[in-house]
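Shown next: upload.cif, given as mmCIF, C-alpha atoms.
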```cif
data_my_file
loop_
_atom_site.label_atom_id
_atom_site.label_comp_id
_atom_site.auth_asym_id
_atom_site.auth_seq_id
_atom_site.Cartn_x
_atom_site.Cartn_y
_atom_site.Cartn_z
CA MET A 1 80.48 -28.98 -33.93
CA PRO A 2 81.10 -32.65 -33.75
CA SER A 3 81.14 -34.19 -37.14
CA VAL A 4 78.78 -37.10 -37.74
CA LYS A 5 80.73 -40.16 -38.46
CA ILE A 6 79.44 -42.08 -41.43
CA PRO A 7 80.40 -45.70 -41.10
CA ARG A 8 82.49 -46.78 -44.01
CA LYS A 9 80.84 -49.69 -45.74
CA SER A 10 82.12 -51.90 -48.46
CA THR A 11 80.43 -51.21 -51.79
CA ASP A 12 80.44 -54.70 -53.16
CA THR A 13 77.48 -56.97 -52.57
CA ASP A 14 77.66 -60.57 -51.70
CA MET A 15 77.19 -62.48 -54.93
CA THR A 16 76.84 -65.94 -53.43
CA PRO A 17 73.00 -66.14 -53.33
CA PHE A 18 72.96 -64.88 -56.89
CA VAL A 19 75.25 -67.71 -57.94
CA ASP A 20 73.03 -70.15 -56.10
CA ILE A 21 69.99 -69.00 -58.00
CA ALA A 22 71.78 -69.02 -61.33
CA PHE A 23 72.93 -72.56 -60.93
CA LEU A 24 69.57 -73.66 -59.63
CA ILE A 25 67.92 -72.40 -62.79
CA LEU A 26 70.70 -73.92 -64.82
CA SER A 27 70.23 -77.35 -63.31
CA PHE A 28 66.49 -77.07 -63.87
CA PHE A 29 67.02 -76.42 -67.55
CA ILE A 30 69.49 -79.25 -67.89
CA MET A 31 67.09 -81.70 -66.31
CA ALA A 32 63.86 -80.47 -67.87
CA THR A 33 64.97 -80.33 -71.45
CA LYS A 34 65.91 -82.63 -74.20
CA PHE A 35 68.36 -81.63 -76.85
CA LYS A 36 67.03 -81.18 -80.30
CA PRO A 37 67.65 -84.48 -81.99
CA ASP A 38 69.85 -84.39 -85.00
CA GLU A 39 67.51 -84.25 -87.94
CA PRO A 40 68.75 -85.53 -91.26
CA VAL A 41 65.91 -83.72 -92.98
CA LYS A 42 65.02 -80.29 -91.70
CA VAL A 43 61.28 -79.94 -91.37
CA GLU A 44 59.23 -77.17 -89.87
CA THR A 45 55.92 -78.65 -88.84
CA PRO A 46 52.69 -76.69 -88.91
CA LYS A 47 50.84 -75.83 -85.74
CA SER A 48 47.61 -77.43 -84.67
CA VAL A 49 45.30 -77.27 -81.68
CA SER A 50 45.66 -80.99 -81.14
CA ALA A 51 46.87 -81.90 -77.68
CA ASP A 52 47.70 -85.56 -78.22
CA LEU A 53 51.34 -86.15 -77.50
CA LEU A 54 53.47 -88.02 -79.96
CA GLU A 55 53.87 -91.64 -78.98
CA GLU A 56 57.28 -93.11 -79.48
CA ASN A 57 56.19 -96.54 -80.55
CA ASN A 58 56.92 -98.64 -83.55
CA ALA A 59 56.32 -96.23 -86.33
CA LEU A 60 56.77 -95.67 -89.98
CA LEU A 61 57.72 -92.04 -90.22
CA ILE A 62 57.07 -90.43 -93.57
CA THR A 63 58.73 -87.05 -93.89
CA ILE A 64 57.88 -84.47 -96.52
CA ASP A 65 60.45 -81.69 -96.72
CA ASN A 66 60.02 -78.14 -97.95
CA GLU A 67 60.76 -79.17 -101.54
CA SER A 68 57.93 -81.75 -101.32
CA LYS A 69 60.38 -84.65 -101.35
CA VAL A 70 59.33 -87.74 -99.47
CA TYR A 71 61.55 -89.73 -97.12
CA ILE A 72 60.83 -92.70 -94.94
CA ASN A 73 62.25 -93.86 -91.67
CA ILE A 74 61.21 -96.83 -89.60
CA ASN A 75 61.34 -96.41 -85.85
CA ASP A 76 61.60 -99.62 -83.97
CA VAL A 77 61.95 -98.87 -80.29
CA LYS A 78 61.58 -102.27 -78.74
CA ASP A 79 63.64 -104.33 -81.11
CA LYS A 80 67.26 -103.32 -80.82
CA ALA A 81 68.39 -106.09 -83.14
CA LYS A 82 66.49 -104.38 -85.93
CA ALA A 83 65.07 -107.68 -87.13
CA SER A 84 61.98 -106.00 -88.53
CA LEU A 85 64.08 -103.47 -90.43
CA LYS A 86 66.03 -106.37 -91.83
CA SER A 87 62.89 -108.05 -93.04
CA VAL A 88 61.75 -104.79 -94.66
CA ILE A 89 64.89 -104.48 -96.73
CA ASP A 90 64.89 -108.19 -97.53
CA GLY A 91 61.31 -107.88 -98.76
CA ILE A 92 62.09 -104.80 -100.84
CA ASP A 93 65.13 -106.54 -102.28
CA LYS A 94 63.08 -109.53 -103.28
CA SER A 95 59.97 -107.80 -104.59
CA ARG A 96 61.86 -105.21 -106.58
CA ASN A 97 64.78 -107.43 -107.71
CA LEU A 98 67.40 -104.98 -106.53
CA GLY A 99 70.13 -107.54 -105.92
CA LEU A 100 71.42 -105.92 -102.73
CA THR A 101 74.48 -107.38 -101.04
CA ASP A 102 74.59 -108.11 -97.31
CA ALA A 103 76.78 -105.07 -96.75
CA GLU A 104 74.23 -102.85 -98.47
CA LYS A 105 71.46 -104.32 -96.36
CA MET A 106 73.49 -103.57 -93.24
CA SER A 107 73.89 -100.04 -94.50
CA PHE A 108 70.09 -99.74 -94.66
CA LEU A 109 69.84 -100.63 -90.99
CA GLN A 110 72.15 -97.76 -90.12
CA ALA A 111 70.75 -95.19 -92.52
CA PRO A 112 68.73 -92.49 -90.77
CA VAL A 113 66.31 -91.81 -93.61
CA ILE A 114 65.73 -93.19 -97.05
CA GLY A 115 64.70 -90.81 -99.77
CA VAL A 116 65.79 -92.39 -103.02
CA PRO A 117 63.84 -94.21 -105.73
CA PHE A 118 64.36 -97.96 -106.00
CA ALA A 119 66.55 -97.45 -109.06
CA ASN A 120 69.08 -95.54 -106.96
CA LEU A 121 68.70 -97.50 -103.75
CA LYS A 122 71.55 -99.92 -104.38
CA GLY A 123 73.93 -97.11 -105.25
CA TYR A 124 72.85 -95.07 -102.25
CA LEU A 125 73.31 -97.92 -99.78
CA ALA A 126 76.78 -98.67 -101.17
CA LEU A 127 77.98 -95.24 -100.01
CA THR A 128 79.64 -94.68 -96.64
CA PRO A 129 77.49 -93.02 -93.94
CA GLU A 130 79.38 -89.75 -94.40
CA GLN A 131 78.71 -89.77 -98.12
CA GLN A 132 75.06 -90.63 -97.49
CA ALA A 133 74.73 -87.70 -95.14
CA SER A 134 76.20 -85.24 -97.60
CA LEU A 135 74.24 -86.51 -100.59
CA LYS A 136 71.07 -84.67 -101.43
CA GLN A 137 68.45 -87.35 -101.78
CA PRO A 138 65.92 -86.98 -104.58
CA GLY A 139 62.99 -88.28 -102.53
CA ILE A 140 60.79 -91.31 -102.99
CA PRO A 141 58.51 -90.90 -106.02
CA VAL A 142 54.88 -90.61 -104.90
CA LEU A 143 53.29 -88.21 -107.35
CA ASP A 144 52.61 -90.71 -110.10
CA SER A 145 49.75 -92.92 -108.99
CA LEU A 146 50.95 -95.77 -111.21
CA ASN A 147 54.49 -95.66 -109.92
CA ASN A 148 54.02 -94.68 -106.30
CA GLU A 149 57.05 -96.38 -104.77
CA LEU A 150 55.95 -95.60 -101.24
CA VAL A 151 53.26 -98.27 -101.71
CA TRP A 152 55.98 -100.94 -101.71
CA TRP A 153 57.70 -99.54 -98.66
CA VAL A 154 54.46 -99.41 -96.69
CA ASP A 155 53.60 -102.91 -97.84
CA GLU A 156 56.91 -104.32 -96.59
CA ALA A 157 56.73 -102.39 -93.32
CA LYS A 158 53.24 -103.71 -92.77
CA LYS A 159 54.43 -107.26 -93.33
CA ALA A 160 57.45 -106.83 -91.06
CA PHE A 161 55.34 -105.46 -88.23
CA ALA A 162 52.47 -107.90 -88.68
CA GLY A 163 50.96 -108.64 -85.32
CA THR A 164 52.32 -105.54 -83.59
CA LYS A 165 50.96 -102.06 -83.73
CA LEU A 166 52.59 -99.86 -86.30
CA LEU A 167 51.87 -96.15 -86.30
CA TYR A 168 51.89 -94.16 -89.49
CA LEU A 169 53.41 -90.80 -88.74
CA ILE A 170 53.43 -88.10 -91.35
CA LYS A 171 55.73 -85.17 -90.76
CA GLY A 172 55.29 -82.52 -93.36
CA ASP A 173 56.96 -79.18 -93.79
CA ASN A 174 54.89 -75.99 -93.85
CA ASP A 175 55.91 -75.23 -97.39
CA SER A 176 55.53 -78.66 -98.91
CA LYS A 177 52.89 -78.84 -101.58
CA TYR A 178 49.64 -80.73 -101.25
CA PRO A 179 50.21 -83.29 -104.08
CA ALA A 180 53.10 -84.86 -102.15
CA PHE A 181 50.86 -85.27 -99.12
CA GLU A 182 48.13 -86.70 -101.31
CA GLY A 183 50.61 -89.16 -102.80
CA VAL A 184 51.58 -90.31 -99.32
CA ILE A 185 47.94 -90.74 -98.33
CA ASN A 186 47.23 -92.66 -101.52
CA ALA A 187 50.14 -95.01 -100.87
CA LEU A 188 48.83 -95.75 -97.40
CA ARG A 189 45.30 -96.12 -98.63
CA LYS A 190 46.36 -98.65 -101.22
CA ASN A 191 47.72 -100.71 -98.37
CA GLU A 192 44.39 -100.52 -96.56
CA GLU A 193 45.72 -98.21 -93.88
CA PHE A 194 43.31 -95.44 -93.01
CA LYS A 195 44.53 -94.01 -89.73
CA TYR A 196 47.47 -91.64 -89.64
CA HIS A 197 49.07 -89.25 -87.23
CA LEU A 198 50.25 -85.92 -88.54
CA ILE A 199 53.09 -84.50 -86.50
CA THR A 200 52.42 -80.91 -85.55
CA SER A 201 53.53 -78.46 -82.92
CA GLN A 202 51.17 -77.30 -80.26
CA GLU A 203 48.98 -74.26 -80.33
CA GLY A 204 46.17 -73.16 -78.04
CA ALA A 205 42.55 -73.16 -79.11
CA PRO A 206 41.50 -69.69 -80.31
CA GLU A 207 39.28 -67.87 -77.86
CA GLY A 208 35.54 -67.88 -78.36
CA THR A 209 35.45 -70.92 -80.59
CA GLU A 210 33.56 -74.11 -79.85
CA LEU A 211 36.72 -76.00 -79.04
CA TYR A 212 37.75 -73.28 -76.60
CA LYS A 213 34.40 -73.52 -74.86
CA LEU A 214 34.62 -77.30 -74.74
CA ARG A 215 38.09 -77.26 -73.22
CA ASN A 216 37.20 -74.66 -70.64
CA GLN A 217 33.90 -76.16 -69.59
CA MET B 218 85.79 -55.52 -59.20
CA ALA B 219 87.60 -57.28 -56.45
CA SER B 220 86.74 -56.16 -53.01
CA ILE B 221 88.73 -53.27 -51.66
CA ASP B 222 90.74 -54.33 -48.73
CA SER B 223 89.82 -51.72 -46.23
CA GLY B 224 91.38 -51.93 -42.86
CA GLY B 225 94.28 -54.18 -42.05
CA GLY B 226 97.60 -52.89 -43.27
CA ASP B 227 100.10 -51.66 -40.83
CA SER B 228 97.82 -50.63 -38.05
CA GLY B 229 97.80 -52.57 -34.84
CA HIS B 230 100.58 -53.25 -32.45
CA LYS B 231 104.11 -53.93 -33.39
CA LYS B 232 105.52 -57.34 -32.80
CA GLY B 233 109.07 -56.50 -32.13
CA PRO B 234 111.93 -56.49 -34.54
CA GLY B 235 112.42 -59.38 -36.87
CA VAL B 236 108.89 -60.70 -36.62
CA LYS B 237 107.37 -60.50 -40.02
CA LYS B 238 103.72 -59.78 -40.08
CA ALA B 239 101.70 -62.19 -42.26
CA LYS B 240 99.80 -60.27 -44.88
CA LYS B 241 96.12 -60.30 -44.09
CA LEU B 242 94.17 -61.45 -47.15
CA SER B 243 90.45 -61.23 -47.56
CA THR B 244 88.77 -64.64 -47.71
CA ARG B 245 85.99 -63.30 -49.87
CA VAL B 246 86.06 -64.54 -53.43
CA ASP B 247 84.66 -62.36 -56.13
CA MET B 248 81.57 -64.20 -57.41
CA THR B 249 80.78 -61.96 -60.37
CA PRO B 250 82.50 -64.07 -63.07
CA MET B 251 80.77 -67.12 -61.73
CA VAL B 252 77.37 -65.46 -62.06
CA ASP B 253 78.30 -64.47 -65.59
CA LEU B 254 79.18 -68.01 -66.43
CA GLY B 255 76.01 -69.35 -64.83
CA PHE B 256 73.75 -67.12 -66.83
CA LEU B 257 75.70 -67.77 -69.99
CA LEU B 258 75.01 -71.48 -69.60
CA ILE B 259 71.35 -70.81 -68.83
CA THR B 260 70.93 -68.84 -72.03
CA PHE B 261 72.69 -71.57 -73.95
CA PHE B 262 70.32 -74.18 -72.61
CA ILE B 263 67.26 -72.07 -73.26
CA PHE B 264 68.25 -71.68 -76.88
CA THR B 265 69.16 -75.26 -77.58
CA ALA B 266 66.37 -76.90 -75.66
CA THR B 267 63.09 -78.15 -77.03
CA MET B 268 60.60 -77.51 -74.31
CA GLU B 269 57.46 -78.46 -76.14
CA SER B 270 57.10 -82.00 -77.28
CA PRO B 271 55.56 -82.54 -80.69
CA THR B 272 51.89 -83.40 -80.83
CA THR B 273 50.04 -85.45 -83.35
CA MET B 274 46.85 -84.77 -85.18
CA ASP B 275 44.91 -87.86 -86.03
CA LEU B 276 43.59 -88.20 -89.53
CA ASN B 277 41.26 -90.93 -90.64
CA VAL B 278 40.44 -91.34 -94.26
CA PRO B 279 37.71 -93.49 -95.79
CA LYS B 280 38.35 -96.48 -97.95
CA LYS B 281 38.60 -95.75 -101.62
CA THR B 282 35.53 -96.96 -103.43
CA ASP B 283 35.04 -97.07 -107.12
CA ASP B 284 31.54 -98.35 -106.68
CA GLU B 285 29.11 -95.47 -106.78
CA LYS B 286 26.51 -97.06 -104.57
CA ASP B 287 29.04 -97.32 -101.72
CA GLU B 288 29.57 -93.61 -101.72
CA THR B 289 27.96 -91.66 -98.93
CA LYS B 290 25.11 -89.52 -100.08
CA VAL B 291 24.95 -86.09 -98.54
CA LYS B 292 22.33 -83.43 -98.48
CA GLN B 293 23.44 -80.60 -100.70
CA SER B 294 21.80 -78.04 -98.44
CA GLY B 295 24.16 -78.79 -95.59
CA ALA B 296 27.36 -78.95 -97.59
CA LEU B 297 30.08 -76.36 -97.56
CA THR B 298 32.90 -76.88 -100.02
CA VAL B 299 36.21 -75.25 -99.14
CA MET B 300 38.96 -75.07 -101.74
CA LEU B 301 42.57 -74.21 -101.04
CA GLY B 302 44.39 -72.27 -103.69
CA LYS B 303 47.88 -70.90 -103.96
CA ASP B 304 49.33 -68.18 -101.71
CA ASN B 305 47.06 -69.18 -98.81
CA ASN B 306 43.91 -68.28 -100.72
CA VAL B 307 40.70 -69.98 -99.74
CA TYR B 308 37.56 -70.32 -101.85
CA PHE B 309 34.24 -71.74 -100.89
CA TYR B 310 30.70 -72.32 -102.02
CA GLU B 311 27.58 -73.69 -100.40
CA GLY B 312 25.64 -76.63 -101.69
CA GLU B 313 26.24 -77.30 -105.34
CA LEU B 314 28.47 -75.19 -107.52
CA ALA B 315 26.37 -73.05 -109.85
CA PRO B 316 27.40 -73.49 -113.49
CA ASP B 317 27.99 -69.76 -113.81
CA GLY B 318 29.93 -69.71 -110.54
CA SER B 319 27.60 -67.24 -108.89
CA ASN B 320 27.98 -68.87 -105.48
CA PHE B 321 31.75 -69.23 -105.78
CA GLN B 322 33.38 -66.91 -103.26
CA SER B 323 36.88 -65.95 -102.23
CA SER B 324 37.96 -65.94 -98.64
CA SER B 325 41.06 -66.29 -96.51
CA PHE B 326 42.18 -68.38 -93.59
CA LYS B 327 41.18 -65.56 -91.27
CA ASP B 328 37.64 -65.30 -92.56
CA ILE B 329 36.84 -68.91 -93.31
CA ARG B 330 36.17 -69.65 -89.65
CA ALA B 331 33.31 -67.17 -89.56
CA GLU B 332 31.94 -68.74 -92.73
CA ILE B 333 32.08 -72.24 -91.27
CA ILE B 334 30.36 -71.11 -88.07
CA ARG B 335 27.69 -69.24 -90.04
CA LYS B 336 26.94 -72.25 -92.21
CA LYS B 337 26.82 -74.51 -89.20
CA GLN B 338 24.34 -72.23 -87.46
CA GLU B 339 22.24 -72.12 -90.60
CA VAL B 340 22.14 -75.92 -90.78
CA ILE B 341 21.18 -76.10 -87.11
CA ARG B 342 18.39 -73.53 -87.63
CA THR B 343 16.85 -75.32 -90.57
CA HIS B 344 17.09 -78.72 -88.95
CA ASN B 345 14.05 -80.97 -89.18
CA HIS B 346 13.48 -83.64 -86.60
CA ASP B 347 12.90 -87.18 -87.74
CA ALA B 348 13.44 -90.72 -86.50
CA LYS B 349 17.16 -90.68 -87.18
CA CYS B 350 17.71 -87.87 -84.70
CA GLU B 351 16.97 -89.98 -81.65
CA GLU B 352 19.30 -92.65 -82.92
CA LEU B 353 22.11 -90.12 -83.23
CA LYS B 354 21.40 -88.73 -79.78
CA ALA B 355 21.52 -92.18 -78.24
CA LYS B 356 24.81 -92.88 -79.95
CA ALA B 357 26.33 -89.63 -78.73
CA LYS B 358 25.16 -90.34 -75.20
CA GLU B 359 26.75 -93.75 -75.35
CA ARG B 360 30.02 -92.22 -76.45
CA GLY B 361 29.99 -89.99 -73.41
CA ASP B 362 29.44 -86.79 -75.35
CA LYS B 363 28.62 -83.96 -72.95
CA ASN B 364 26.46 -82.20 -75.52
CA TRP B 365 24.58 -85.28 -76.63
CA GLU B 366 21.23 -83.52 -76.50
CA THR B 367 22.19 -81.34 -79.42
CA ALA B 368 24.19 -83.97 -81.25
CA ASP B 369 21.57 -84.43 -83.94
CA LEU B 370 21.18 -80.80 -84.91
CA ASP B 371 24.18 -80.50 -87.21
CA ARG B 372 23.98 -83.94 -88.75
CA ASP B 373 23.48 -82.58 -92.24
CA PHE B 374 26.47 -80.28 -91.95
CA LEU B 375 29.38 -81.46 -94.06
CA VAL B 376 32.53 -79.64 -95.01
CA VAL B 377 34.20 -80.83 -98.19
CA ILE B 378 37.86 -79.89 -98.38
CA LYS B 379 39.41 -79.68 -101.81
CA PRO B 380 43.04 -78.66 -101.88
CA THR B 381 44.54 -77.76 -105.23
CA ALA B 382 48.05 -78.69 -106.32
CA ASN B 383 49.22 -75.23 -105.28
CA ALA B 384 48.05 -75.54 -101.70
CA THR B 385 50.74 -76.21 -99.14
CA TYR B 386 50.75 -78.84 -96.47
CA LYS B 387 50.37 -76.09 -93.89
CA ASN B 388 47.12 -74.99 -95.55
CA THR B 389 45.84 -78.54 -95.41
CA VAL B 390 46.68 -78.94 -91.74
CA ASP B 391 45.23 -75.52 -90.97
CA ILE B 392 41.90 -76.32 -92.56
CA LEU B 393 41.75 -79.71 -90.85
CA ASP B 394 42.53 -77.89 -87.63
CA GLU B 395 39.68 -75.53 -88.34
CA MET B 396 37.39 -78.57 -88.35
CA THR B 397 38.53 -79.43 -84.83
CA ILE B 398 38.26 -75.83 -83.67
CA ASN B 399 34.70 -75.42 -84.90
CA ALA B 400 33.63 -78.92 -83.87
CA VAL B 401 32.69 -79.97 -87.39
CA LYS B 402 31.79 -83.61 -87.06
CA ARG B 403 31.73 -84.51 -90.70
CA PHE B 404 34.32 -83.42 -93.19
CA ALA B 405 35.92 -85.04 -96.18
CA MET B 406 38.98 -84.45 -98.29
CA VAL B 407 38.02 -84.78 -101.91
CA GLU B 408 39.88 -84.31 -105.15
CA ILE B 409 39.09 -81.06 -106.86
CA SER B 410 36.98 -81.08 -110.01
CA GLU B 411 37.85 -79.45 -113.31
CA ALA B 412 35.03 -76.91 -113.04
CA GLU B 413 36.24 -75.76 -109.66
CA LYS B 414 39.82 -75.61 -110.90
CA ALA B 415 38.70 -73.39 -113.75
CA PHE B 416 37.05 -70.92 -111.37
CA ILE B 417 40.13 -70.81 -109.18
CA THR B 418 42.50 -70.17 -112.07
CA ALA B 419 40.16 -67.48 -113.32
CA THR B 420 40.24 -65.81 -109.92
CA GLU B 421 43.93 -66.20 -109.36
CA GLY B 422 44.63 -65.00 -112.89
CA GLN B 423 47.17 -67.48 -114.09
#
```
Once you've parsed the file, please lay out its structure as structure tokens.
Amino acid sequence: MPSVKIPRKSTDTDMTPFVDIAFLILSFFIMATKFKPDEPVKVETPKSVSADLLEENNALLITIDNESKVYININDVKDKAKASLKSVIDGIDKSRNLGLTDAEKMSFLQAPVIGVPFANLKGYLALTPEQQASLKQPGIPVLDSLNNELVWWVDEAKKAFAGTKLLYLIKGDNDSKYPAFEGVINALRKNEEFKYHLITSQEGAPEGTELYKLRNQ
Amino acid sequence: MASIDSGGGDSGHKKGPGVKKAKKLSTRVDMTPMVDLGFLLITFFIFTATMESPTTMDLNVPKKTDDEKDETKVKQSGALTVMLGKDNNVYFYEGELAPDGSNFQSSSFKDIRAEIIRKKQEVIRTHNHDAKCEELKAKAKERGDKNWETADLDRDFLVVIKPTANATYKNTVDILDEMTINAVKRFAMVEISEAEKAFITATEGQ
């Protein structure tokens, strides 16, 4: 009986298309994503059904961390010279009689976030950036309605950005307590600012609700 | 892993003495490590990347008025007061708080939606038409509201949000979100009163 000859085939597959696909996906991810920005204060924002995207305009960002401590940060996208930031710190220096030196004012321009009461501001700004980063900031006092220091910050920011649009962004942590948020709102209200943007992460509208019906009309 | 070099070797014709045969090497490169590397990088990027961009929820608050006559008067029948306690507890009552707290009820974030919808439906059912209705309808139509014809029905519906000091920011955002979800047009954040605080502490057992 003649034996049937089975052709001997190599067992390994050609991996080249696989590599192609892998690198295609890889390049997609590299292009489509942004790296998480380095956050000086770690905040986990709550979810909301809101679909309005965060605008990266001139903004006063007020951060409330999970220990209900309040920090501020002024985003000034257009003005690279940071002239408005300079006028904020000059105004604070003058109105609160802090006696800041020029070097300390420069340090303010570089600082990512400020979360110290006015009493400690001079000392904080005198530190090197590394020391500032490692220091645990006590937060800006907002709870006492008579000594809500955020009022002064908002006031100076408002003056510095007079004429241009300044957004008030509030970024609160899930676990921060309500009084801190109320203190922030009160400080803004005292400055006659009534429109804020709360930073949240996206979530779909729950099924069957009115919003769901409206969006799927 | 590497491909097995089948064939080749010493088969084939001889080339005479002294002629060295060049070793036949496969030109195929093993791609497996490259695939490994590719997928490793993909996983790395998936983990570090932020795909979703943050959104913002707009919040508008009214001006603070100490003058009582500037305050907006609301119909008690259409009011629902929602209080936020500690540990994600929610309490609510309709209309005015009874002195004995008989209409003070406990709820949770899961159940409060049903309560809001129920109250809204009740307000719509008991709605009485008057001259102000047409005004509201006209305004809604002007705004480009798709449902302008029913815009006047829930005009007496008002949700009053009263977070306590123990409520978290997440609770506050969640309840404000609930307003958007249930299309509540009028809501207000108000400071909690002592009477309400007393009922909450009694319930929470502090």
**Prompt:** If you apply the PyMOL selection byres ((chain B) within 6 of (chain A)) to this file, what residues do you get, as a list of chain:residue names?
**Reply:**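 This file, filtered by the PyMOL selection byres ((chain B) within 6 of (chain A)), leaves B:Met248, B:Val252, B:Gly255, B:Ile259, B:Ala266, B:Thr267, B:Met268, B:Pro271, B:Thr272, B:Thr273, B:Met274, B:Asp275, B:Leu276, B:Asn277, B:Val278, B:Ala382, B:Ala384, B:Thr385, B:Tyr386, B:Lys387, B:Asp394, B:Ile398, B:Asn399.
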**Message:** Here's the selection I'm unsure about, the PyMOL selection byres ((chain A and resi 122) around 10); applied to the file above, which residues does it give, as a PyMOL selection string?
**Reply:** chain A and resi 93+98-101+104-105+108+116-121+123-127
**Asked** A:Asn75, A:Thr128, A:Ser134, A:Ser87: which is nearest A:Lys159, counting all atoms listed in the file?
**Response** A:Ser87
**Prompt:** In terms of the shortest atom-to-atom distance over only C-alpha atoms, which of B:Lys363, B:Asp373, B:Arg342, B:Ile329 is closest to B:Gly312?
**Reply:**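 Among the listed residues, the smallest separation from B:Gly312 belongs to B:Asp373.
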**Message:** Running the PyMOL selection byres ((chain B and resi 307) around 8) on this model by hand, what would come out? Give it as number ranges by chain.
**Reply:** B: 299-302, 305-306, 308-309, 323-326, 329
**Prompt:** What is the atom CA of B:Trp365 to atom CA of B:Met396 distance in Å?
**Reply:**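 Atom-to-atom, atom CA of B:Trp365 and atom CA of B:Met396 are spaced 18.6 Å apart.
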**Request:** Would you kindly identify which residues have an atom no farther than 8 Å from (20.0, -80.7, -102.9), using all atoms listed in the file and the file's own coordinates, and write them out as number ranges by chain?
**Result:** B: 292-294, 312-313
**Request:** Would you list the contacts of A:Val113 as a list in words, taking every protein, DNA or RNA residue within 8 Å and counting all atoms listed in the file, but skipping same-chain residues closer than 4 positions in sequence?
**Result:**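 Neighbouring residues, sequence-local ones excluded: Pro40, Tyr71, Ile72 and Asn73 of chain A.
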**Message:** I want to know what sits within 8 Å of B:Gly295, based on only C-alpha atoms, with residues of the same chain fewer than 5 positions away left out; could you give that as a list in words?
**Reply:** Glu311, Gly312, Lys336, Val340, Asp373, Phe374 and Leu375 of chain B
N, CA and C atoms for stretch 245-259 of chain B, written as a PDB file, in the coordinates of the input, could you do that?
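Written out: result13.pdb:
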```pdb
ATOM      1  N   ARG B 245      87.111 -63.413 -48.937  1.00  0.00           N
ATOM      2  CA  ARG B 245      85.990 -63.300 -49.870  1.00  0.00           C
ATOM      3  C   ARG B 245      86.456 -63.505 -51.300  1.00  0.00           C
ATOM      4  N   VAL B 246      85.740 -64.349 -52.021  1.00  0.00           N
ATOM      5  CA  VAL B 246      86.060 -64.540 -53.430  1.00  0.00           C
ATOM      6  C   VAL B 246      85.083 -63.720 -54.245  1.00  0.00           C
ATOM      7  N   ASP B 247      85.557 -63.124 -55.269  1.00  0.00           N
ATOM      8  CA  ASP B 247      84.660 -62.360 -56.130  1.00  0.00           C
ATOM      9  C   ASP B 247      83.801 -63.323 -56.942  1.00  0.00           C
ATOM     10  N   MET B 248      82.487 -63.248 -56.786  1.00  0.00           N
ATOM     11  CA  MET B 248      81.570 -64.200 -57.410  1.00  0.00           C
ATOM     12  C   MET B 248      81.078 -63.729 -58.775  1.00  0.00           C
ATOM     13  N   THR B 249      81.361 -62.515 -59.140  1.00  0.00           N
ATOM     14  CA  THR B 249      80.780 -61.960 -60.370  1.00  0.00           C
ATOM     15  C   THR B 249      81.062 -62.819 -61.616  1.00  0.00           C
ATOM     16  N   PRO B 250      82.272 -63.249 -61.863  1.00  0.00           N
ATOM     17  CA  PRO B 250      82.500 -64.070 -63.070  1.00  0.00           C
ATOM     18  C   PRO B 250      81.709 -65.362 -63.045  1.00  0.00           C
ATOM     19  N   MET B 251      81.520 -65.875 -61.846  1.00  0.00           N
ATOM     20  CA  MET B 251      80.770 -67.120 -61.730  1.00  0.00           C
ATOM     21  C   MET B 251      79.298 -66.912 -62.104  1.00  0.00           C
ATOM     22  N   VAL B 252      78.750 -65.798 -61.673  1.00  0.00           N
ATOM     23  CA  VAL B 252      77.370 -65.460 -62.060  1.00  0.00           C
ATOM     24  C   VAL B 252      77.280 -65.316 -63.564  1.00  0.00           C
ATOM     25  N   ASP B 253      78.268 -64.642 -64.134  1.00  0.00           N
ATOM     26  CA  ASP B 253      78.300 -64.470 -65.590  1.00  0.00           C
ATOM     27  C   ASP B 253      78.244 -65.821 -66.283  1.00  0.00           C
ATOM     28  N   LEU B 254      79.099 -66.678 -65.826  1.00  0.00           N
ATOM     29  CA  LEU B 254      79.180 -68.010 -66.430  1.00  0.00           C
ATOM     30  C   LEU B 254      77.855 -68.760 -66.286  1.00  0.00           C
ATOM     31  N   GLY B 255      77.283 -68.670 -65.089  1.00  0.00           N
ATOM     32  CA  GLY B 255      76.010 -69.350 -64.830  1.00  0.00           C
ATOM     33  C   GLY B 255      74.939 -68.913 -65.789  1.00  0.00           C
ATOM     34  N   PHE B 256      74.801 -67.616 -65.955  1.00  0.00           N
ATOM     35  CA  PHE B 256      73.750 -67.120 -66.830  1.00  0.00           C
ATOM     36  C   PHE B 256      74.043 -67.387 -68.298  1.00  0.00           C
ATOM     37  N   LEU B 257      75.324 -67.422 -68.613  1.00  0.00           N
ATOM     38  CA  LEU B 257      75.700 -67.770 -69.990  1.00  0.00           C
ATOM     39  C   LEU B 257      75.217 -69.177 -70.312  1.00  0.00           C
ATOM     40  N   LEU B 258      75.441 -70.091 -69.391  1.00  0.00           N
ATOM     41  CA  LEU B 258      75.010 -71.480 -69.600  1.00  0.00           C
ATOM     42  C   LEU B 258      73.484 -71.565 -69.654  1.00  0.00           C
ATOM     43  N   ILE B 259      72.813 -70.796 -68.812  1.00  0.00           N
ATOM     44  CA  ILE B 259      71.350 -70.810 -68.830  1.00  0.00           C
ATOM     45  C   ILE B 259      70.834 -70.389 -70.193  1.00  0.00           C
TER      46      ILE B 259
END
```
